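Below is the file final_23.cif, which contains mmCIF, C-alpha atoms.
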data_coords
loop_
_atom_site.label_atom_id
_atom_site.label_comp_id
_atom_site.auth_asym_id
_atom_site.auth_seq_id
_atom_site.Cartn_x
_atom_site.Cartn_y
_atom_site.Cartn_z
CA MET A 1 -8.49 -21.18 -6.19
CA GLU A 2 -10.63 -19.09 -3.83
CA ARG A 3 -7.66 -18.82 -1.47
CA ASP A 4 -5.43 -17.58 -4.32
CA LYS A 5 -7.97 -14.94 -5.30
CA LEU A 6 -8.27 -13.78 -1.70
CA ASP A 7 -4.48 -13.47 -1.42
CA GLU A 8 -4.40 -11.48 -4.67
CA LYS A 9 -7.13 -9.20 -3.35
CA ARG A 10 -5.15 -8.61 -0.17
CA ILE A 11 -1.99 -7.87 -2.16
CA PHE A 12 -3.72 -5.27 -4.30
CA LEU A 13 -5.53 -3.72 -1.34
CA PHE A 14 -2.32 -3.52 0.70
CA LEU A 15 -0.44 -1.90 -2.20
CA ALA A 16 -3.28 0.50 -2.99
CA ILE A 17 -3.47 1.75 0.60
CA THR A 18 0.32 1.94 0.97
CA PHE A 19 1.00 3.81 -2.26
CA LEU A 20 -2.00 6.13 -1.98
CA ILE A 21 -1.22 7.30 1.55
CA THR A 22 2.52 7.56 0.88
CA TYR A 23 2.25 9.41 -2.42
CA VAL A 24 -0.28 11.90 -1.07
CA ILE A 25 1.89 12.71 1.95
CA GLU A 26 5.04 13.03 -0.13
CA ILE A 27 3.57 15.00 -3.04
CA VAL A 28 1.17 17.26 -1.14
CA PHE A 29 3.05 17.87 2.11
CA ILE A 30 6.72 16.85 1.97
CA ALA A 31 7.72 18.11 -1.50
CA PRO A 32 6.77 21.78 -0.87
CA MET A 33 8.74 21.84 2.39
CA ALA A 34 11.81 19.81 1.41
CA GLY A 35 14.89 21.95 0.89
CA SER A 36 13.15 24.97 2.37
CA GLY A 37 15.31 27.77 3.70
CA ASP A 38 13.00 27.84 6.69
CA ALA A 39 14.60 25.53 9.26
CA SER A 40 11.27 24.65 10.86
CA ARG A 41 9.72 23.65 7.52
CA ALA A 42 12.77 21.61 6.53
CA MET A 43 12.69 19.84 9.88
CA MET A 44 8.97 19.16 9.49
CA ALA A 45 9.68 17.61 6.07
CA GLN A 46 12.28 15.29 7.64
CA SER A 47 9.83 14.32 10.37
CA LEU A 48 7.19 13.47 7.77
CA ILE A 49 9.70 11.38 5.80
CA ALA A 50 10.40 9.41 8.98
CA ALA A 51 6.65 9.06 9.63
CA VAL A 52 6.07 7.71 6.11
CA MET A 53 8.17 4.66 7.06
CA PHE A 54 5.22 3.51 9.18
CA VAL A 55 2.73 3.59 6.31
CA PRO A 56 3.33 -0.03 5.17
CA ALA A 57 2.70 -1.29 8.73
CA VAL A 58 -0.48 0.79 8.97
CA SER A 59 -1.53 -0.66 5.61
CA VAL A 60 -0.98 -4.21 6.90
CA ALA A 61 -3.28 -3.51 9.83
CA LEU A 62 -5.95 -1.91 7.61
CA THR A 63 -5.79 -4.72 5.04
CA ARG A 64 -6.13 -7.36 7.74
CA LEU A 65 -9.11 -5.54 9.20
CA LEU A 66 -10.86 -4.83 5.90
CA THR A 67 -10.46 -8.38 4.59
CA LYS A 68 -11.20 -10.00 7.97
CA GLU A 69 -7.80 -11.69 7.93
CA GLY A 70 -7.35 -11.20 11.64
CA PHE A 71 -4.19 -10.93 13.72
CA ALA A 72 -3.29 -14.49 14.66
CA ILE A 73 0.16 -14.33 16.29
CA LYS A 74 1.63 -17.15 14.20
CA GLU A 75 0.68 -15.34 10.96
CA LEU A 76 2.17 -11.96 11.85
CA HIS A 77 5.80 -12.99 11.16
CA LEU A 78 6.98 -11.07 14.22
CA ALA A 79 8.43 -13.85 16.37
CA PHE A 80 12.10 -13.45 17.33
CA LYS A 81 13.04 -17.06 16.45
CA TRP A 82 16.69 -16.82 17.46
CA LYS A 83 17.26 -20.50 18.24
CA GLY A 84 18.65 -22.27 15.19
CA ASN A 85 18.55 -19.08 13.12
CA GLN A 86 21.63 -17.27 14.41
CA LYS A 87 23.32 -17.34 11.00
CA TYR A 88 20.47 -15.39 9.44
CA TYR A 89 20.75 -12.71 12.10
CA MET A 90 24.51 -12.61 11.53
CA LEU A 91 23.93 -12.16 7.80
CA VAL A 92 21.97 -8.94 8.29
CA TRP A 93 23.89 -7.51 11.24
CA PRO A 94 27.69 -7.81 11.04
CA GLY A 95 27.29 -9.37 7.60
CA LEU A 96 25.69 -6.33 5.98
CA ALA A 97 28.12 -4.00 7.76
CA GLY A 98 30.99 -5.99 6.24
CA MET A 99 29.46 -5.79 2.75
CA ILE A 100 29.05 -2.02 3.09
CA LEU A 101 32.64 -1.55 4.25
CA LEU A 102 34.05 -3.79 1.52
CA GLY A 103 32.09 -1.88 -1.10
CA ALA A 104 33.46 1.43 0.16
CA ILE A 105 37.02 0.07 0.22
CA LEU A 106 36.68 -1.21 -3.36
CA TYR A 107 35.32 2.16 -4.48
CA PHE A 108 38.28 4.04 -3.00
CA LEU A 109 40.76 1.56 -4.47
CA ILE A 110 39.34 2.42 -7.90
CA PHE A 111 38.89 6.15 -7.29
CA ARG A 112 41.90 6.87 -5.11
CA GLU A 113 41.76 10.64 -5.58
CA GLN A 114 38.37 10.70 -3.86
CA PHE A 115 39.76 9.24 -0.61
CA ASP A 116 40.86 11.78 1.96
CA SER A 117 43.16 10.31 4.60
CA ASN A 118 42.92 13.58 6.53
CA LEU A 119 39.12 13.13 6.90
CA GLY A 120 38.38 16.66 5.75
CA TYR A 121 34.71 15.86 5.16
CA ILE A 122 34.01 14.77 8.73
CA GLY A 123 36.27 17.55 10.03
CA ALA A 124 34.15 20.15 8.22
CA LEU A 125 30.97 18.63 9.65
CA LEU A 126 32.28 18.68 13.22
CA THR A 127 33.62 22.22 12.89
CA ALA A 128 30.26 23.38 11.56
CA GLN A 129 28.59 21.86 14.61
CA ASP A 130 30.76 23.23 17.39
CA GLY A 131 33.20 25.71 15.81
CA ASN A 132 36.26 23.78 16.99
CA THR A 133 39.13 22.54 14.86
CA TYR A 134 40.40 18.98 15.04
CA THR A 135 43.68 17.25 14.29
CA THR A 136 43.78 14.35 11.86
CA GLY A 137 44.50 12.01 14.76
CA GLN A 138 41.40 13.20 16.62
CA LEU A 139 39.29 12.76 13.49
CA TRP A 140 40.53 9.18 12.97
CA GLN A 141 39.79 8.39 16.59
CA TYR A 142 36.30 9.83 16.16
CA MET A 143 35.74 7.76 13.01
CA PHE A 144 36.94 4.58 14.71
CA PHE A 145 34.29 4.97 17.39
CA GLN A 146 31.67 5.89 14.78
CA LEU A 147 32.43 2.66 12.93
CA LEU A 148 32.23 0.63 16.12
CA ILE A 149 29.06 2.31 17.36
CA GLY A 150 27.49 2.11 13.90
CA VAL A 151 28.00 -1.65 13.63
CA VAL A 152 26.75 -2.31 17.15
CA LEU A 153 23.91 0.18 17.49
CA SER A 154 22.54 0.99 14.02
CA PRO A 155 20.05 -1.93 13.94
CA LEU A 156 18.82 -1.13 17.45
CA VAL A 157 18.58 2.66 17.07
CA ASN A 158 16.54 2.26 13.87
CA LEU A 159 14.46 -0.67 15.13
CA VAL A 160 11.13 1.14 15.51
CA ASN A 161 11.24 3.06 12.23
CA CYS A 162 12.33 0.05 10.20
CA PHE A 163 9.59 -2.09 11.69
CA GLY A 164 7.12 0.13 9.82
CA GLU A 165 8.51 -0.85 6.43
CA GLU A 166 9.65 -4.40 7.03
CA TRP A 167 6.41 -5.66 8.54
CA GLY A 168 4.78 -4.46 5.34
CA TRP A 169 7.25 -5.52 2.65
CA ARG A 170 8.73 -8.70 4.10
CA GLY A 171 6.32 -9.63 6.89
CA TYR A 172 3.13 -9.28 4.81
CA LEU A 173 3.63 -8.68 1.09
CA LEU A 174 6.35 -11.30 0.50
CA PRO A 175 4.46 -14.27 2.02
CA LYS A 176 1.44 -13.33 -0.10
CA LEU A 177 3.53 -13.10 -3.29
CA LEU A 178 5.10 -16.49 -2.55
CA LYS A 179 1.64 -18.03 -2.64
CA CYS A 180 1.05 -16.61 -6.12
CA MET A 181 4.37 -17.17 -7.95
CA PRO A 182 7.77 -18.91 -7.76
CA VAL A 183 10.29 -17.68 -5.21
CA VAL A 184 12.69 -15.75 -7.47
CA PRO A 185 10.08 -13.52 -9.17
CA ALA A 186 8.31 -13.08 -5.82
CA VAL A 187 11.49 -11.85 -4.12
CA LEU A 188 12.48 -9.57 -7.01
CA LEU A 189 8.97 -8.14 -7.39
CA ASP A 190 8.84 -7.43 -3.67
CA GLY A 191 12.09 -5.46 -3.94
CA ALA A 192 11.01 -3.61 -7.10
CA ILE A 193 7.75 -2.52 -5.46
CA TRP A 194 9.71 -1.33 -2.44
CA GLY A 195 11.94 0.72 -4.75
CA LEU A 196 9.02 2.29 -6.64
CA TRP A 197 7.47 3.23 -3.32
CA HIS A 198 10.34 5.76 -2.95
CA ALA A 199 9.71 7.35 -6.38
CA PRO A 200 8.08 10.66 -5.31
CA LEU A 201 10.83 11.40 -2.79
CA ILE A 202 13.51 10.75 -5.40
CA ALA A 203 11.75 12.82 -8.06
CA LEU A 204 10.58 15.73 -5.91
CA THR A 205 13.20 16.06 -3.18
CA GLY A 206 16.36 14.50 -4.61
CA TYR A 207 16.21 11.77 -1.97
CA ASN A 208 19.39 9.62 -1.93
CA TYR A 209 20.61 10.62 -5.41
CA GLY A 210 20.32 14.42 -5.53
CA ILE A 211 19.11 16.31 -8.59
CA GLY A 212 20.43 17.37 -11.99
CA TYR A 213 22.08 14.06 -12.92
CA ALA A 214 21.70 12.50 -16.38
CA GLY A 215 18.22 11.06 -16.81
CA TYR A 216 16.86 12.74 -13.68
CA PRO A 217 14.68 11.52 -12.02
CA VAL A 218 14.15 8.24 -13.90
CA THR A 219 17.78 7.17 -13.46
CA GLY A 220 17.52 7.69 -9.70
CA ILE A 221 14.27 5.76 -9.46
CA LEU A 222 15.69 2.85 -11.45
CA ALA A 223 18.86 2.85 -9.35
CA MET A 224 16.74 2.78 -6.20
CA CYS A 225 14.77 -0.18 -7.55
CA VAL A 226 17.99 -2.11 -8.25
CA PHE A 227 19.28 -1.30 -4.75
CA CYS A 228 15.99 -2.34 -3.13
CA MET A 229 15.85 -5.55 -5.15
CA ALA A 230 19.41 -6.46 -4.04
CA VAL A 231 19.01 -5.55 -0.36
CA GLY A 232 15.43 -6.81 -0.40
CA THR A 233 16.67 -10.22 -1.59
CA ILE A 234 18.84 -10.52 1.53
CA PHE A 235 15.96 -9.42 3.74
CA SER A 236 13.52 -11.75 1.96
CA TYR A 237 15.93 -14.66 2.32
CA THR A 238 16.00 -14.25 6.10
CA GLU A 239 12.18 -13.95 6.18
CA ILE A 240 11.79 -17.15 4.15
CA LYS A 241 14.30 -19.06 6.28
CA THR A 242 13.05 -17.90 9.69
CA GLY A 243 9.38 -17.14 9.05
CA SER A 244 9.98 -13.81 10.78
CA CYS A 245 10.64 -10.27 9.60
CA ILE A 246 12.69 -9.43 12.71
CA PRO A 247 16.03 -10.16 10.94
CA SER A 248 15.05 -7.91 8.05
CA ILE A 249 14.07 -5.15 10.50
CA LEU A 250 17.55 -5.34 12.02
CA GLY A 251 19.17 -5.46 8.57
CA HIS A 252 17.17 -2.44 7.44
CA GLY A 253 18.34 -0.62 10.54
CA MET A 254 21.94 -1.45 9.66
CA ILE A 255 21.50 -0.08 6.13
CA ASN A 256 19.86 3.13 7.35
CA GLY A 257 22.40 3.78 10.08
CA PHE A 258 25.61 2.59 8.47
CA SER A 259 25.36 3.18 4.71
CA MET A 260 26.78 6.73 4.93
CA ILE A 261 30.05 5.59 6.51
CA GLY A 262 32.00 5.64 3.25
CA VAL A 263 31.02 9.25 2.55
CA TYR A 264 32.92 10.41 5.63
CA PHE A 265 36.18 9.39 3.95
CA THR A 266 35.55 11.28 0.70
CA SER A 267 37.55 14.26 -0.47
CA LEU A 268 35.88 17.67 -0.50
CA ALA A 269 37.95 18.55 -3.56
CA HIS A 270 36.90 15.47 -5.54
CA PRO A 271 33.14 14.81 -5.18
CA TYR A 272 31.99 11.19 -5.32
CA ASN A 273 29.45 9.76 -7.79
CA VAL A 274 26.52 8.41 -5.78
CA PHE A 275 25.56 6.06 -8.63
CA LEU A 276 28.91 4.31 -8.22
CA GLY A 277 29.66 4.69 -4.48
CA PRO A 278 31.06 4.79 -1.88
CA MET A 279 27.62 4.16 -0.37
CA PRO A 280 25.87 0.85 -1.14
CA LEU A 281 23.38 2.85 -3.24
CA GLY A 282 26.04 2.85 -5.96
CA LEU A 283 27.03 0.03 -8.29
CA ILE A 284 30.55 -0.34 -6.87
CA GLY A 285 29.70 0.50 -3.26
CA GLY A 286 26.88 -2.02 -3.37
CA LEU A 287 28.72 -4.68 -5.38
CA PHE A 288 29.10 -7.15 -2.51
CA ILE A 289 25.42 -6.78 -1.65
CA LEU A 290 24.57 -7.47 -5.29
CA ILE A 291 26.79 -10.56 -5.31
CA MET A 292 25.26 -11.85 -2.09
CA ALA A 293 21.77 -11.25 -3.48
CA GLY A 294 22.65 -13.27 -6.58
CA VAL A 295 24.00 -16.15 -4.51
CA LEU A 296 20.91 -16.21 -2.29
CA LEU A 297 18.52 -16.06 -5.25
CA TYR A 298 20.33 -19.00 -6.84
CA GLN A 299 20.10 -20.95 -3.58
CA LEU A 300 16.40 -20.23 -3.16
CA ASN A 301 15.74 -21.26 -6.75
CA GLN A 302 17.65 -24.53 -6.35
CA GLU A 303 15.85 -25.33 -3.11
CA GLU A 304 12.49 -24.68 -4.74
CA LYS A 305 13.39 -26.96 -7.66
CA ALA A 306 14.54 -29.69 -5.27
CA ALA A 307 11.34 -29.43 -3.22
CA LYS A 308 9.22 -29.59 -6.38
CA SER A 309 11.15 -32.61 -7.65
CA ALA A 310 10.78 -34.41 -4.32
CA LYS A 311 7.05 -33.70 -4.31
CA GLU A 312 6.67 -35.11 -7.82
CA GLN A 313 8.59 -38.26 -6.86
CA VAL A 314 6.32 -38.84 -3.89
CA LYS A 315 3.30 -38.37 -6.15
CA ASP A 316 4.63 -40.98 -8.58
CA LEU A 317 5.04 -43.64 -5.87
#
Taking this structure as input, can you express it in the form of structure tokens?
Amino acid sequence: MERDKLDEKRIFLFLAITFLITYVIEIVFIAPMAGSGDASRAMMAQSLIAAVMFVPAVSVALTRLLTKEGFAIKELHLAFKWKGNQKYYMLVWPGLAGMILLGAILYFLIFREQFDSNLGYIGALLTAQDGNTYTTGQLWQYMFFQLLIGVVLSPLVNLVNCFGEEWGWRGYLLPKLLKCMPVVPAVLLDGAIWGLWHAPLIALTGYNYGIGYAGYPVTGILAMCVFCMAVGTIFSYTEIKTGSCIPSILGHGMINGFSMIGVYFTSLAHPYNVFLGPMPLGLIGGLFILIMAGVLLYQLNQEEKAAKSAKEQVKDL
């Protein structure tokens, strides 16, 4: 009982520190600068948004210090643990990339008018950067390499930034929640908290979903919570199976670096609906991630029931 209360105290302290620091930075400093016509202020806002990703990790360290939890290596959930766990790494690396691509393909099969085979969107971006014009063949070649590089390098390029979040949400908060409740509510609550953590950015800067949509900003915040619960389930599954948050760090890096890929194929004349796709933030673009999350939740629930049943049988002997 004392152990449970101590875990609950650490959960609340971790969340209080994380949300307080994050919300102050985003409301007081980022919001006034976001979308500024001043390039230096807009760049500073982007730098602060990147810096905020480290707040959960800082909160882990502060919580461990303040509650005298210590930093025993085996309790940090930072071991690589590759041997015997390759399938969990595959799930969040090429696996997530495949889910993102399939979601984008499904979106464009439904909304065919929004697909631009001439890649006008990426052509406009490249022309804005260097002033050159590109043939459709050159743009497709460019996109092929972007796809290849994105799949291979996204998790590695984003490794440091994503460590900041994943050590907090999956490496610290999730194991604590699992001590206080069954696995399914623990995993879903972890994802919902992660989603709500983004609320000020969504409400004040239009982060991920823009502004002016129906139900703004509540709709965007709810959509972000659903997305985080789905992706967070995959990340939590790998944490539970490996006892390490390294797979979820790599998976988070894949999401951050690869989720925009579908947008590059959209038509400038027919704008896409971010709440539907082609990014995994949308219901259709993220459908395969949602399905995978459902399958993994069911598996975790069944395994927990089987473990509980086996424990009760042993007790009856």
Please identify every residue of segment 84-109 of chain A that has at least one atom no farther than 8 Å from an atom of segment 150-158 of chain A, counting only C-alpha atoms, and for each give the shortest atom pair and the distance in Å to one decimal, arranged by chain then increasing number, as CSV.
residue,atom,partner,partner_atom,distance
A:Trp93,CA,A:Pro155,CA,7.3
A:Pro94,CA,A:Val151,CA,6.7
A:Ala97,CA,A:Val151,CA,6.3
Residue by residue, what does the PyMOL selection byres ((chain A and resi 75) around 10) grab here? Present the result as a PyMOL selection string. chain A and resi 69-74+76-79+171-172+175+243-244
Might you pull out every residue within 7 Å of segment 259-270 of chain A, with only C-alpha atoms counted and same-chain residues fewer than 2 positions away left off, and present them as a list in words?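 My reading of the contact set: Ile100, Ala104, Glu113, Gln114, Phe115, Asp116, Leu119, Gly120, Tyr121, Ile122, Ile255, Asn256, Gly257, Tyr272, Pro278, Met279 and Pro280 of chain A.
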Any idea what's packed within 12 Å of Ala42 of chain A, counting all atoms listed in the file, ignoring anything in its chain fewer than 3 positions away? Could you give it as a ChimeraX atom specification? /A:29-39,45-49,205
I need the residue nearest Gly251 of chain A from this list: A:Pro217, A:Gly232, A:Gly206, A:Gly103. Use all atoms listed in the file for the distance.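 Between A:Pro217, A:Gly232, A:Gly206, A:Gly103, the residue approaching Gly251 of chain A most closely is A:Gly232.
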Under the rule that all atoms listed in the file are counted, which of A:Tyr237, A:Lys179, A:Phe144, A:Phe111 is the nearest residue to Pro271 of chain A?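 Closest candidate: A:Phe111.
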Which one is closest to Thr67 of chain A: A:Val187, A:Ile221, A:Leu177, A:Ile11? Count all atoms listed in the file.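 Nearest candidate to Thr67 of chain A out of A:Val187, A:Ile221, A:Leu177, A:Ile11: A:Ile11.
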Gap from atom CA of Glu8 of chain A to atom CA of Glu312 of chain A - Å, one decimal: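 For atom CA of Glu8 of chain A relative to atom CA of Glu312 of chain A, the distance reads 26.3 Å.
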Proximity to Leu173 of chain A - best of A:Ile149, A:Ile193, A:Leu101, A:Ile249, all atoms listed in the file: A:Ile193
So that I can see what lies close to Leu287 of chain A, please list as a PyMOL selection string the residues with an atom at most 12 Å from it, counting all atoms listed in the file and leaving out residues fewer than 2 positions away in the same chain. chain A and resi 96+98-107+226-227+230-231+275-285+289-294
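Between Glu26 of chain A and the residues A:Leu250, A:Leu204, A:Lys68, A:Leu300, the shortest atom-to-atom distance, using only C-alpha atoms, involves A:Leu204.
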Straight-line distance linking atom CA of Val183 of chain A with atom CA of Ile202 of chain A, stated in Å to one decimal: 28.6 Å
Please identify all polymer residues lying at most 6 Å from the point (16.4, -20.1, 11.9) (file coordinates), using all atoms listed in the file, and present the result as number ranges by chain. A: 84-85, 242
What residues come out when you apply the PyMOL selection byres ((chain A and resi 55) around 12) to this file, written as a PyMOL selection string? chain A and resi 14-26+48-54+56-63+161-169+197
Work out how far atom CA of Arg41 of chain A is from atom CA of Leu196 of chain A, in Å to one decimal. 25.6 Å
Fewer than 2 positions away in the same chain doesn't count, so skip those; otherwise give me all residues within 7 Å of Gly195 of chain A, counting all atoms listed in the file, as a PDB file with C-alpha atoms, keeping the file's coordinate frame.
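The result, written out as out02.pdb:
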ATOM      1  CA  GLY A 191      12.090  -5.460  -3.940  1.00  0.00           C
ATOM      2  CA  ALA A 192      11.010  -3.610  -7.100  1.00  0.00           C
ATOM      3  CA  ILE A 193       7.750  -2.520  -5.460  1.00  0.00           C
ATOM      4  CA  TRP A 197       7.470   3.230  -3.320  1.00  0.00           C
ATOM      5  CA  HIS A 198      10.340   5.760  -2.950  1.00  0.00           C
ATOM      6  CA  MET A 224      16.740   2.780  -6.200  1.00  0.00           C
ATOM      7  CA  CYS A 225      14.770  -0.180  -7.550  1.00  0.00           C
ATOM      8  CA  CYS A 228      15.990  -2.340  -3.130  1.00  0.00           C
TER       9      CYS A 228
END
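Proximity ranking of A:Lys176, A:Arg170, A:Lys5, A:Lys311 relative to Ile246 of chain A places A:Arg170 first, based on only C-alpha atoms.
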Fill-in result for segment 243-253 of chain A, all heavy atoms as a PDB file, in the coordinates of the input:
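After the write, selection-v3.pdb holds the following:
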ATOM      1  N   GLY A 243      10.807 -17.373   8.881  1.00  0.00           N
ATOM      2  CA  GLY A 243       9.380 -17.140   9.050  1.00  0.00           C
ATOM      3  C   GLY A 243       9.106 -15.907   9.887  1.00  0.00           C
ATOM      4  O   GLY A 243       8.004 -15.728  10.416  1.00  0.00           O
ATOM      5  N   SER A 244      10.106 -15.028   9.983  1.00  0.00           N
ATOM      6  CA  SER A 244       9.980 -13.810  10.780  1.00  0.00           C
ATOM      7  C   SER A 244      10.621 -12.644  10.050  1.00  0.00           C
ATOM      8  O   SER A 244      11.642 -12.810   9.367  1.00  0.00           O
ATOM      9  CB  SER A 244      10.657 -13.994  12.143  1.00  0.00           C
ATOM     10  OG  SER A 244      10.740 -12.765  12.841  1.00  0.00           O
ATOM     11  N   CYS A 245      10.042 -11.453  10.212  1.00  0.00           N
ATOM     12  CA  CYS A 245      10.640 -10.270   9.600  1.00  0.00           C
ATOM     13  C   CYS A 245      11.561  -9.525  10.566  1.00  0.00           C
ATOM     14  O   CYS A 245      12.088  -8.468  10.225  1.00  0.00           O
ATOM     15  CB  CYS A 245       9.558  -9.330   9.053  1.00  0.00           C
ATOM     16  SG  CYS A 245       8.510  -8.560  10.314  1.00  0.00           S
ATOM     17  N   ILE A 246      11.801 -10.073  11.753  1.00  0.00           N
ATOM     18  CA  ILE A 246      12.690  -9.430  12.710  1.00  0.00           C
ATOM     19  C   ILE A 246      14.112  -9.304  12.155  1.00  0.00           C
ATOM     20  O   ILE A 246      14.723  -8.231  12.260  1.00  0.00           O
ATOM     21  CB  ILE A 246      12.705 -10.188  14.055  1.00  0.00           C
ATOM     22  CG1 ILE A 246      11.309 -10.198  14.683  1.00  0.00           C
ATOM     23  CG2 ILE A 246      13.711  -9.543  15.008  1.00  0.00           C
ATOM     24  CD1 ILE A 246      10.765  -8.821  15.006  1.00  0.00           C
ATOM     25  N   PRO A 247      14.690 -10.349  11.524  1.00  0.00           N
ATOM     26  CA  PRO A 247      16.030 -10.160  10.940  1.00  0.00           C
ATOM     27  C   PRO A 247      16.072  -9.051   9.900  1.00  0.00           C
ATOM     28  O   PRO A 247      17.037  -8.284   9.856  1.00  0.00           O
ATOM     29  CB  PRO A 247      16.331 -11.531  10.314  1.00  0.00           C
ATOM     30  CG  PRO A 247      15.519 -12.495  11.095  1.00  0.00           C
ATOM     31  CD  PRO A 247      14.246 -11.763  11.417  1.00  0.00           C
ATOM     32  N   SER A 248      15.034  -8.955   9.069  1.00  0.00           N
ATOM     33  CA  SER A 248      15.050  -7.910   8.050  1.00  0.00           C
ATOM     34  C   SER A 248      14.883  -6.519   8.666  1.00  0.00           C
ATOM     35  O   SER A 248      15.408  -5.535   8.148  1.00  0.00           O
ATOM     36  CB  SER A 248      13.948  -8.155   6.999  1.00  0.00           C
ATOM     37  OG  SER A 248      12.653  -8.015   7.540  1.00  0.00           O
ATOM     38  N   ILE A 249      14.180  -6.428   9.781  1.00  0.00           N
ATOM     39  CA  ILE A 249      14.070  -5.150  10.500  1.00  0.00           C
ATOM     40  C   ILE A 249      15.453  -4.707  10.969  1.00  0.00           C
ATOM     41  O   ILE A 249      15.853  -3.545  10.809  1.00  0.00           O
ATOM     42  CB  ILE A 249      13.104  -5.257  11.692  1.00  0.00           C
ATOM     43  CG1 ILE A 249      11.672  -5.475  11.202  1.00  0.00           C
ATOM     44  CG2 ILE A 249      13.165  -3.996  12.565  1.00  0.00           C
ATOM     45  CD1 ILE A 249      10.679  -5.778  12.323  1.00  0.00           C
ATOM     46  N   LEU A 250      16.203  -5.643  11.544  1.00  0.00           N
ATOM     47  CA  LEU A 250      17.550  -5.340  12.020  1.00  0.00           C
ATOM     48  C   LEU A 250      18.473  -4.994  10.845  1.00  0.00           C
ATOM     49  O   LEU A 250      19.275  -4.054  10.926  1.00  0.00           O
ATOM     50  CB  LEU A 250      18.109  -6.523  12.795  1.00  0.00           C
ATOM     51  CG  LEU A 250      17.383  -6.855  14.109  1.00  0.00           C
ATOM     52  CD1 LEU A 250      17.891  -8.184  14.676  1.00  0.00           C
ATOM     53  CD2 LEU A 250      17.566  -5.742  15.129  1.00  0.00           C
ATOM     54  N   GLY A 251      18.355  -5.739   9.744  1.00  0.00           N
ATOM     55  CA  GLY A 251      19.170  -5.460   8.570  1.00  0.00           C
ATOM     56  C   GLY A 251      18.860  -4.095   7.974  1.00  0.00           C
ATOM     57  O   GLY A 251      19.761  -3.359   7.554  1.00  0.00           O
ATOM     58  N   HIS A 252      17.587  -3.749   7.938  1.00  0.00           N
ATOM     59  CA  HIS A 252      17.170  -2.440   7.440  1.00  0.00           C
ATOM     60  C   HIS A 252      17.752  -1.338   8.316  1.00  0.00           C
ATOM     61  O   HIS A 252      18.200  -0.297   7.830  1.00  0.00           O
ATOM     62  CB  HIS A 252      15.642  -2.361   7.417  1.00  0.00           C
ATOM     63  CG  HIS A 252      15.104  -1.279   6.559  1.00  0.00           C
ATOM     64  ND1 HIS A 252      13.879  -1.381   5.911  1.00  0.00           N
ATOM     65  CD2 HIS A 252      15.562  -0.052   6.243  1.00  0.00           C
ATOM     66  CE1 HIS A 252      13.638  -0.266   5.241  1.00  0.00           C
ATOM     67  NE2 HIS A 252      14.652   0.565   5.435  1.00  0.00           N
ATOM     68  N   GLY A 253      17.748  -1.585   9.626  1.00  0.00           N
ATOM     69  CA  GLY A 253      18.340  -0.620  10.540  1.00  0.00           C
ATOM     70  C   GLY A 253      19.818  -0.436  10.299  1.00  0.00           C
ATOM     71  O   GLY A 253      20.354   0.680  10.383  1.00  0.00           O
TER      72      GLY A 253
END
